[in-house]
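*Asks:* Sharing data.cif below, mmCIF, C-alpha atoms:
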```
data_data
loop_
_atom_site.group_PDB
_atom_site.id
_atom_site.type_symbol
_atom_site.label_atom_id
_atom_site.label_comp_id
_atom_site.auth_asym_id
_atom_site.auth_seq_id
_atom_site.Cartn_x
_atom_site.Cartn_y
_atom_site.Cartn_z
ATOM 1 C CA MET V 1 -88.846 -27.315 32.301
ATOM 2 C CA LEU V 2 -90.466 -30.560 33.334
ATOM 3 C CA TYR V 3 -94.021 -30.739 34.612
ATOM 4 C CA SER V 4 -94.756 -34.075 36.242
ATOM 5 C CA VAL V 5 -96.495 -35.535 39.262
ATOM 6 C CA MET V 6 -93.540 -37.867 39.755
ATOM 7 C CA PRO V 7 -90.879 -36.791 42.270
ATOM 8 C CA VAL V 8 -87.671 -35.432 40.768
ATOM 9 C CA GLU V 9 -85.683 -38.282 42.344
ATOM 10 C CA TYR V 10 -87.569 -40.807 40.195
ATOM 11 C CA VAL V 11 -87.241 -38.811 36.991
ATOM 12 C CA TYR V 12 -83.517 -38.087 37.266
ATOM 13 C CA GLY V 13 -82.549 -40.964 39.535
ATOM 14 C CA GLU V 14 -80.953 -43.137 36.861
ATOM 15 C CA GLN V 15 -78.954 -40.373 35.219
ATOM 16 C CA LYS V 16 -75.457 -40.761 36.562
ATOM 17 C CA ARG V 17 -72.369 -39.050 35.289
ATOM 18 C CA ASP V 18 -69.867 -41.462 33.822
ATOM 19 C CA ASP V 19 -66.807 -41.643 36.075
ATOM 20 C CA HIS V 20 -64.506 -41.743 33.078
ATOM 21 C CA CYS V 21 -65.747 -38.432 31.658
ATOM 22 C CA GLN V 22 -63.804 -35.260 32.320
ATOM 23 C CA ASP V 23 -64.297 -31.576 31.700
ATOM 24 C CA TYR V 24 -61.863 -30.344 29.069
ATOM 25 C CA VAL V 25 -61.244 -27.019 27.334
ATOM 26 C CA TYR V 26 -60.604 -27.397 23.616
ATOM 27 C CA GLN V 27 -60.216 -24.350 21.362
ATOM 28 C CA GLY V 28 -61.693 -22.147 24.088
ATOM 29 C CA MET V 29 -64.809 -24.301 24.596
ATOM 30 C CA LEU V 30 -65.633 -26.188 27.761
ATOM 31 C CA MET V 31 -66.865 -29.694 26.985
ATOM 32 C CA GLU V 32 -67.265 -33.054 28.643
ATOM 33 C CA VAL V 33 -65.063 -35.698 27.026
ATOM 34 C CA LYS V 34 -64.268 -39.365 27.491
ATOM 35 C CA PRO V 35 -60.506 -39.972 27.163
ATOM 36 C CA LEU V 36 -59.452 -42.749 24.784
ATOM 37 C CA THR V 37 -56.242 -44.760 24.877
ATOM 38 C CA SER V 38 -54.866 -43.287 21.656
ATOM 39 C CA GLY V 39 -54.222 -39.763 22.999
ATOM 40 C CA ASN V 40 -57.585 -38.608 21.725
ATOM 41 C CA ALA V 41 -60.931 -38.057 23.387
ATOM 42 C CA MET V 42 -64.549 -38.508 22.380
ATOM 43 C CA ILE V 43 -66.901 -35.567 22.895
ATOM 44 C CA VAL V 44 -69.796 -36.431 25.208
ATOM 45 C CA ARG V 45 -71.416 -32.994 25.370
ATOM 46 C CA LEU V 46 -70.657 -29.312 24.928
ATOM 47 C CA ILE V 47 -70.970 -27.272 28.113
ATOM 48 C CA ASN V 48 -70.162 -23.673 27.212
ATOM 49 C CA PRO V 49 -69.505 -23.133 23.491
ATOM 50 C CA PRO V 50 -70.510 -20.310 21.164
ATOM 51 C CA LEU V 51 -73.964 -21.017 19.704
ATOM 52 C CA ASP V 52 -72.726 -21.689 16.169
ATOM 53 C CA CYS V 53 -70.597 -24.616 17.425
ATOM 54 C CA TYR V 54 -73.740 -26.663 18.048
ATOM 55 C CA LEU V 55 -74.235 -26.818 14.260
ATOM 56 C CA ASP V 56 -70.619 -27.751 13.490
ATOM 57 C CA GLN V 57 -70.158 -31.499 12.864
ATOM 58 C CA LYS V 58 -66.616 -31.573 14.253
ATOM 59 C CA TYR V 59 -67.975 -30.707 17.727
ATOM 60 C CA ALA V 60 -70.919 -33.135 17.645
ATOM 61 C CA PRO V 61 -71.187 -35.733 20.438
ATOM 62 C CA GLY V 62 -69.192 -38.793 19.437
ATOM 63 C CA SER V 63 -66.600 -36.811 17.495
ATOM 64 C CA ILE V 64 -62.933 -37.506 18.221
ATOM 65 C CA ILE V 65 -60.615 -34.634 19.187
ATOM 66 C CA PRO V 66 -56.942 -34.448 20.273
ATOM 67 C CA TYR V 67 -56.546 -34.780 24.041
ATOM 68 C CA ARG V 68 -53.542 -33.328 25.906
#
```
Let me see the file written as C-alpha coordinates.
*Replies:*
Amino acid sequence: MLYSVMPVEYVYGEQKRDDHCQDYVYQGMLMEVKPLTSGNAMIVRLINPPLDCYLDQKYAPGSIIPYR
(Lines of atoms letter the chains of each structure in order from A and count residues from 1; the text may use other names and numbers.)
(Lines give C-alpha, C1' and ligand atoms only; values in the text may rest on other atoms or scores of the structure.)
Protein backbone atom coordinates (compact mmCIF):
# COMPACT_ATOMS: atom_id res chain seq x y z
CA MET A 1 0.00 0.00 0.00
CA LEU A 2 1.33 3.40 -0.93
CA TYR A 3 0.30 6.55 0.89
CA SER A 4 1.30 9.67 -1.02
CA VAL A 5 -0.05 13.06 -1.99
CA MET A 6 1.32 12.53 -5.49
CA PRO A 7 -1.11 11.23 -8.12
CA VAL A 8 -0.73 7.56 -9.02
CA GLU A 9 0.13 8.48 -12.62
CA TYR A 10 3.31 10.23 -11.42
CA VAL A 11 4.35 7.43 -9.09
CA TYR A 12 3.87 4.56 -11.54
CA GLY A 13 4.19 6.53 -14.77
CA GLU A 14 7.71 5.42 -15.64
CA GLN A 15 7.18 1.74 -14.91
CA LYS A 16 6.65 0.14 -18.28
CA ARG A 17 6.62 -3.54 -19.02
CA ASP A 18 9.46 -4.60 -21.26
CA ASP A 19 8.09 -5.60 -24.67
CA HIS A 20 10.50 -8.50 -24.87
CA CYS A 21 9.26 -10.13 -21.66
CA GLN A 22 6.75 -12.95 -21.84
CA ASP A 23 4.70 -14.95 -19.38
CA TYR A 24 5.96 -18.52 -19.22
CA VAL A 25 5.04 -21.59 -17.18
CA TYR A 26 8.08 -23.51 -15.97
CA GLN A 27 7.71 -26.51 -13.64
CA GLY A 28 4.14 -25.47 -12.86
CA MET A 29 5.03 -21.88 -11.93
CA LEU A 30 3.92 -18.81 -13.84
CA MET A 31 6.77 -16.35 -14.27
CA GLU A 32 7.78 -13.45 -16.45
CA VAL A 33 10.88 -14.24 -18.51
CA LYS A 34 13.05 -12.53 -21.10
CA PRO A 35 13.91 -14.95 -23.93
CA LEU A 36 17.59 -15.22 -24.85
CA THR A 37 19.06 -16.28 -28.18
CA SER A 38 20.52 -19.52 -26.84
CA GLY A 39 17.20 -21.33 -26.26
CA ASN A 40 17.18 -20.21 -22.65
CA ALA A 41 15.39 -17.44 -20.81
CA MET A 42 16.23 -15.14 -17.93
CA ILE A 43 13.74 -14.91 -15.07
CA VAL A 44 12.45 -11.37 -14.57
CA ARG A 45 9.92 -12.09 -11.81
CA LEU A 46 7.82 -14.87 -10.34
CA ILE A 47 4.08 -14.34 -10.71
CA ASN A 48 2.37 -17.32 -9.09
CA PRO A 49 4.80 -19.77 -7.44
CA PRO A 50 4.56 -21.70 -4.19
CA LEU A 51 5.92 -19.57 -1.33
CA ASP A 52 9.05 -21.66 -0.78
CA CYS A 53 10.21 -20.94 -4.36
CA TYR A 54 10.95 -17.33 -3.41
CA LEU A 55 13.82 -18.62 -1.25
CA ASP A 56 15.22 -20.96 -3.91
CA GLN A 57 18.23 -19.47 -5.75
CA LYS A 58 17.45 -21.26 -9.02
CA TYR A 59 14.23 -19.22 -9.36
CA ALA A 60 15.75 -15.86 -8.39
CA PRO A 61 15.42 -12.96 -10.85
CA GLY A 62 18.33 -13.09 -13.27
CA SER A 63 18.58 -16.88 -13.20
CA ILE A 64 18.72 -18.71 -16.53
CA ILE A 65 16.21 -21.48 -17.28
CA PRO A 66 15.49 -23.64 -20.36
CA TYR A 67 12.95 -22.02 -22.69
CA ARG A 68 10.77 -24.07 -25.06
*Asks:* For Tyr24 of chain V, which residue out of V:Ser38, V:Asp56, V:Pro7, V:Leu46 is the nearest one, using all atoms listed in the file?
*Replies:* V:Leu46
*Asks:* Do you have the atom CA of Tyr54 of chain V-atom CA of Ser4 of chain V distance handy?
*Replies:*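 Here the two named atoms are 28.8 Å from each other.
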*Asks:* From the set V:Pro35, V:Pro61, V:Pro50, V:Pro66, which residue has the shortest atom-to-atom contact distance to Gln22 of chain V, counting all atoms listed in the file?
*Replies:*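 Selected residue with least distance to Gln22 of chain V: V:Pro35.
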*Asks:* Give me the residues within 9 Å of Met31 of chain V as number ranges by chain, counting only C-alpha atoms and dropping any in the same chain fewer than 6 places off.
*Replies:* V: 22-25, 43-49
*Asks:* Find the distance between atom CA of Ile65 of chain V and atom CA of His20 of chain V and write it in Å to one decimal.
*Replies:*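 The value is 16.1 Å.
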*Asks:* Have a look at atom CA of Asp52 of chain V and atom CA of Asn40 of chain V and let me know their distance in Å, one decimal.
*Replies:* 23.4 Å
*Asks:* So, counting only C-alpha atoms, which residue among V:Leu51, V:Val11, V:Cys21, V:Val5 is closest to Leu36 of chain V?
*Replies:*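 Once distances to Leu36 of chain V are computed over only C-alpha atoms, the minimum belongs to V:Cys21.
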*Asks:* Missing atoms in segment 1-12 of chain V: fill them in up to all heavy atoms and send the result as a PDB file, keeping the file's coordinate frame.
*Replies:*
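Contents of the output file rebuild04.pdb:
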```pdb
ATOM      1  N   MET V   1     -87.996 -27.240  31.152  1.00  0.00           N
ATOM      2  CA  MET V   1     -88.846 -27.315  32.301  1.00  0.00           C
ATOM      3  C   MET V   1     -89.647 -28.604  32.194  1.00  0.00           C
ATOM      4  O   MET V   1     -90.143 -28.953  31.143  1.00  0.00           O
ATOM      5  CB  MET V   1     -89.760 -26.091  32.342  1.00  0.00           C
ATOM      6  CG  MET V   1     -90.642 -26.102  33.535  1.00  0.00           C
ATOM      7  SD  MET V   1     -90.957 -24.518  34.319  1.00  0.00           S
ATOM      8  CE  MET V   1     -89.426 -23.973  34.914  1.00  0.00           C
ATOM      9  N   LEU V   2     -89.765 -29.286  33.291  1.00  0.00           N
ATOM     10  CA  LEU V   2     -90.466 -30.560  33.334  1.00  0.00           C
ATOM     11  C   LEU V   2     -91.638 -30.447  34.290  1.00  0.00           C
ATOM     12  O   LEU V   2     -91.462 -30.099  35.448  1.00  0.00           O
ATOM     13  CB  LEU V   2     -89.514 -31.663  33.793  1.00  0.00           C
ATOM     14  CG  LEU V   2     -90.121 -33.037  33.992  1.00  0.00           C
ATOM     15  CD1 LEU V   2     -90.539 -33.613  32.645  1.00  0.00           C
ATOM     16  CD2 LEU V   2     -89.141 -33.957  34.665  1.00  0.00           C
ATOM     17  N   TYR V   3     -92.820 -30.729  33.782  1.00  0.00           N
ATOM     18  CA  TYR V   3     -94.021 -30.739  34.612  1.00  0.00           C
ATOM     19  C   TYR V   3     -94.446 -32.192  34.778  1.00  0.00           C
ATOM     20  O   TYR V   3     -94.790 -32.862  33.808  1.00  0.00           O
ATOM     21  CB  TYR V   3     -95.149 -29.941  33.955  1.00  0.00           C
ATOM     22  CG  TYR V   3     -94.824 -28.475  33.837  1.00  0.00           C
ATOM     23  CD1 TYR V   3     -94.395 -27.937  32.633  1.00  0.00           C
ATOM     24  CD2 TYR V   3     -94.939 -27.633  34.937  1.00  0.00           C
ATOM     25  CE1 TYR V   3     -94.100 -26.593  32.519  1.00  0.00           C
ATOM     26  CE2 TYR V   3     -94.638 -26.289  34.826  1.00  0.00           C
ATOM     27  CZ  TYR V   3     -94.226 -25.786  33.626  1.00  0.00           C
ATOM     28  OH  TYR V   3     -93.925 -24.455  33.512  1.00  0.00           O
ATOM     29  N   SER V   4     -94.412 -32.684  35.990  1.00  0.00           N
ATOM     30  CA  SER V   4     -94.756 -34.075  36.242  1.00  0.00           C
ATOM     31  C   SER V   4     -95.223 -34.235  37.678  1.00  0.00           C
ATOM     32  O   SER V   4     -94.824 -33.482  38.563  1.00  0.00           O
ATOM     33  CB  SER V   4     -93.537 -34.962  35.996  1.00  0.00           C
ATOM     34  OG  SER V   4     -93.843 -36.299  36.322  1.00  0.00           O
ATOM     35  N   VAL V   5     -96.062 -35.243  37.898  1.00  0.00           N
ATOM     36  CA  VAL V   5     -96.495 -35.535  39.262  1.00  0.00           C
ATOM     37  C   VAL V   5     -95.502 -36.460  39.949  1.00  0.00           C
ATOM     38  O   VAL V   5     -95.583 -36.667  41.154  1.00  0.00           O
ATOM     39  CB  VAL V   5     -97.906 -36.175  39.265  1.00  0.00           C
ATOM     40  CG1 VAL V   5     -98.936 -35.188  38.765  1.00  0.00           C
ATOM     41  CG2 VAL V   5     -97.928 -37.455  38.450  1.00  0.00           C
ATOM     42  N   MET V   6     -94.556 -36.993  39.168  1.00  0.00           N
ATOM     43  CA  MET V   6     -93.540 -37.867  39.755  1.00  0.00           C
ATOM     44  C   MET V   6     -92.476 -37.035  40.464  1.00  0.00           C
ATOM     45  O   MET V   6     -92.104 -35.968  39.982  1.00  0.00           O
ATOM     46  CB  MET V   6     -92.878 -38.703  38.660  1.00  0.00           C
ATOM     47  CG  MET V   6     -93.808 -39.702  38.017  1.00  0.00           C
ATOM     48  SD  MET V   6     -93.014 -40.623  36.697  1.00  0.00           S
ATOM     49  CE  MET V   6     -91.687 -41.408  37.551  1.00  0.00           C
ATOM     50  N   PRO V   7     -91.963 -37.510  41.593  1.00  0.00           N
ATOM     51  CA  PRO V   7     -90.879 -36.791  42.270  1.00  0.00           C
ATOM     52  C   PRO V   7     -89.626 -36.711  41.394  1.00  0.00           C
ATOM     53  O   PRO V   7     -89.365 -37.597  40.580  1.00  0.00           O
ATOM     54  CB  PRO V   7     -90.605 -37.640  43.511  1.00  0.00           C
ATOM     55  CG  PRO V   7     -91.826 -38.457  43.704  1.00  0.00           C
ATOM     56  CD  PRO V   7     -92.395 -38.679  42.336  1.00  0.00           C
ATOM     57  N   VAL V   8     -88.880 -35.665  41.560  1.00  0.00           N
ATOM     58  CA  VAL V   8     -87.671 -35.432  40.768  1.00  0.00           C
ATOM     59  C   VAL V   8     -86.683 -36.580  40.929  1.00  0.00           C
ATOM     60  O   VAL V   8     -85.976 -36.944  39.991  1.00  0.00           O
ATOM     61  CB  VAL V   8     -87.024 -34.091  41.176  1.00  0.00           C
ATOM     62  CG1 VAL V   8     -85.713 -33.871  40.459  1.00  0.00           C
ATOM     63  CG2 VAL V   8     -87.968 -32.948  40.910  1.00  0.00           C
ATOM     64  N   GLU V   9     -86.615 -37.186  42.101  1.00  0.00           N
ATOM     65  CA  GLU V   9     -85.683 -38.282  42.344  1.00  0.00           C
ATOM     66  C   GLU V   9     -85.956 -39.470  41.420  1.00  0.00           C
ATOM     67  O   GLU V   9     -85.047 -40.168  40.995  1.00  0.00           O
ATOM     68  CB  GLU V   9     -85.764 -38.750  43.799  1.00  0.00           C
ATOM     69  CG  GLU V   9     -85.315 -37.711  44.805  1.00  0.00           C
ATOM     70  CD  GLU V   9     -86.408 -36.691  45.130  1.00  0.00           C
ATOM     71  OE1 GLU V   9     -87.603 -36.995  44.961  1.00  0.00           O
ATOM     72  OE2 GLU V   9     -86.048 -35.577  45.542  1.00  0.00           O
ATOM     73  N   TYR V  10     -87.223 -39.710  41.094  1.00  0.00           N
ATOM     74  CA  TYR V  10     -87.569 -40.807  40.195  1.00  0.00           C
ATOM     75  C   TYR V  10     -87.255 -40.457  38.742  1.00  0.00           C
ATOM     76  O   TYR V  10     -86.824 -41.304  37.974  1.00  0.00           O
ATOM     77  CB  TYR V  10     -89.045 -41.170  40.313  1.00  0.00           C
ATOM     78  CG  TYR V  10     -89.392 -41.831  41.611  1.00  0.00           C
ATOM     79  CD1 TYR V  10     -90.277 -41.234  42.491  1.00  0.00           C
ATOM     80  CD2 TYR V  10     -88.831 -43.049  41.971  1.00  0.00           C
ATOM     81  CE1 TYR V  10     -90.598 -41.827  43.696  1.00  0.00           C
ATOM     82  CE2 TYR V  10     -89.144 -43.656  43.170  1.00  0.00           C
ATOM     83  CZ  TYR V  10     -90.028 -43.046  44.029  1.00  0.00           C
ATOM     84  OH  TYR V  10     -90.334 -43.631  45.216  1.00  0.00           O
ATOM     85  N   VAL V  11     -87.467 -39.225  38.372  1.00  0.00           N
ATOM     86  CA  VAL V  11     -87.241 -38.811  36.991  1.00  0.00           C
ATOM     87  C   VAL V  11     -85.756 -38.807  36.661  1.00  0.00           C
ATOM     88  O   VAL V  11     -85.322 -39.332  35.640  1.00  0.00           O
ATOM     89  CB  VAL V  11     -87.858 -37.416  36.722  1.00  0.00           C
ATOM     90  CG1 VAL V  11     -87.519 -36.939  35.326  1.00  0.00           C
ATOM     91  CG2 VAL V  11     -89.363 -37.460  36.943  1.00  0.00           C
ATOM     92  N   TYR V  12     -84.942 -38.223  37.527  1.00  0.00           N
ATOM     93  CA  TYR V  12     -83.517 -38.087  37.266  1.00  0.00           C
ATOM     94  C   TYR V  12     -82.669 -39.080  38.047  1.00  0.00           C
ATOM     95  O   TYR V  12     -81.459 -38.983  38.062  1.00  0.00           O
ATOM     96  CB  TYR V  12     -83.051 -36.669  37.598  1.00  0.00           C
ATOM     97  CG  TYR V  12     -83.682 -35.626  36.713  1.00  0.00           C
ATOM     98  CD1 TYR V  12     -84.590 -34.715  37.230  1.00  0.00           C
ATOM     99  CD2 TYR V  12     -83.381 -35.560  35.375  1.00  0.00           C
ATOM    100  CE1 TYR V  12     -85.178 -33.762  36.422  1.00  0.00           C
ATOM    101  CE2 TYR V  12     -83.957 -34.604  34.558  1.00  0.00           C
ATOM    102  CZ  TYR V  12     -84.850 -33.713  35.087  1.00  0.00           C
ATOM    103  OH  TYR V  12     -85.423 -32.775  34.281  1.00  0.00           O
TER     104      TYR V  12
END
```
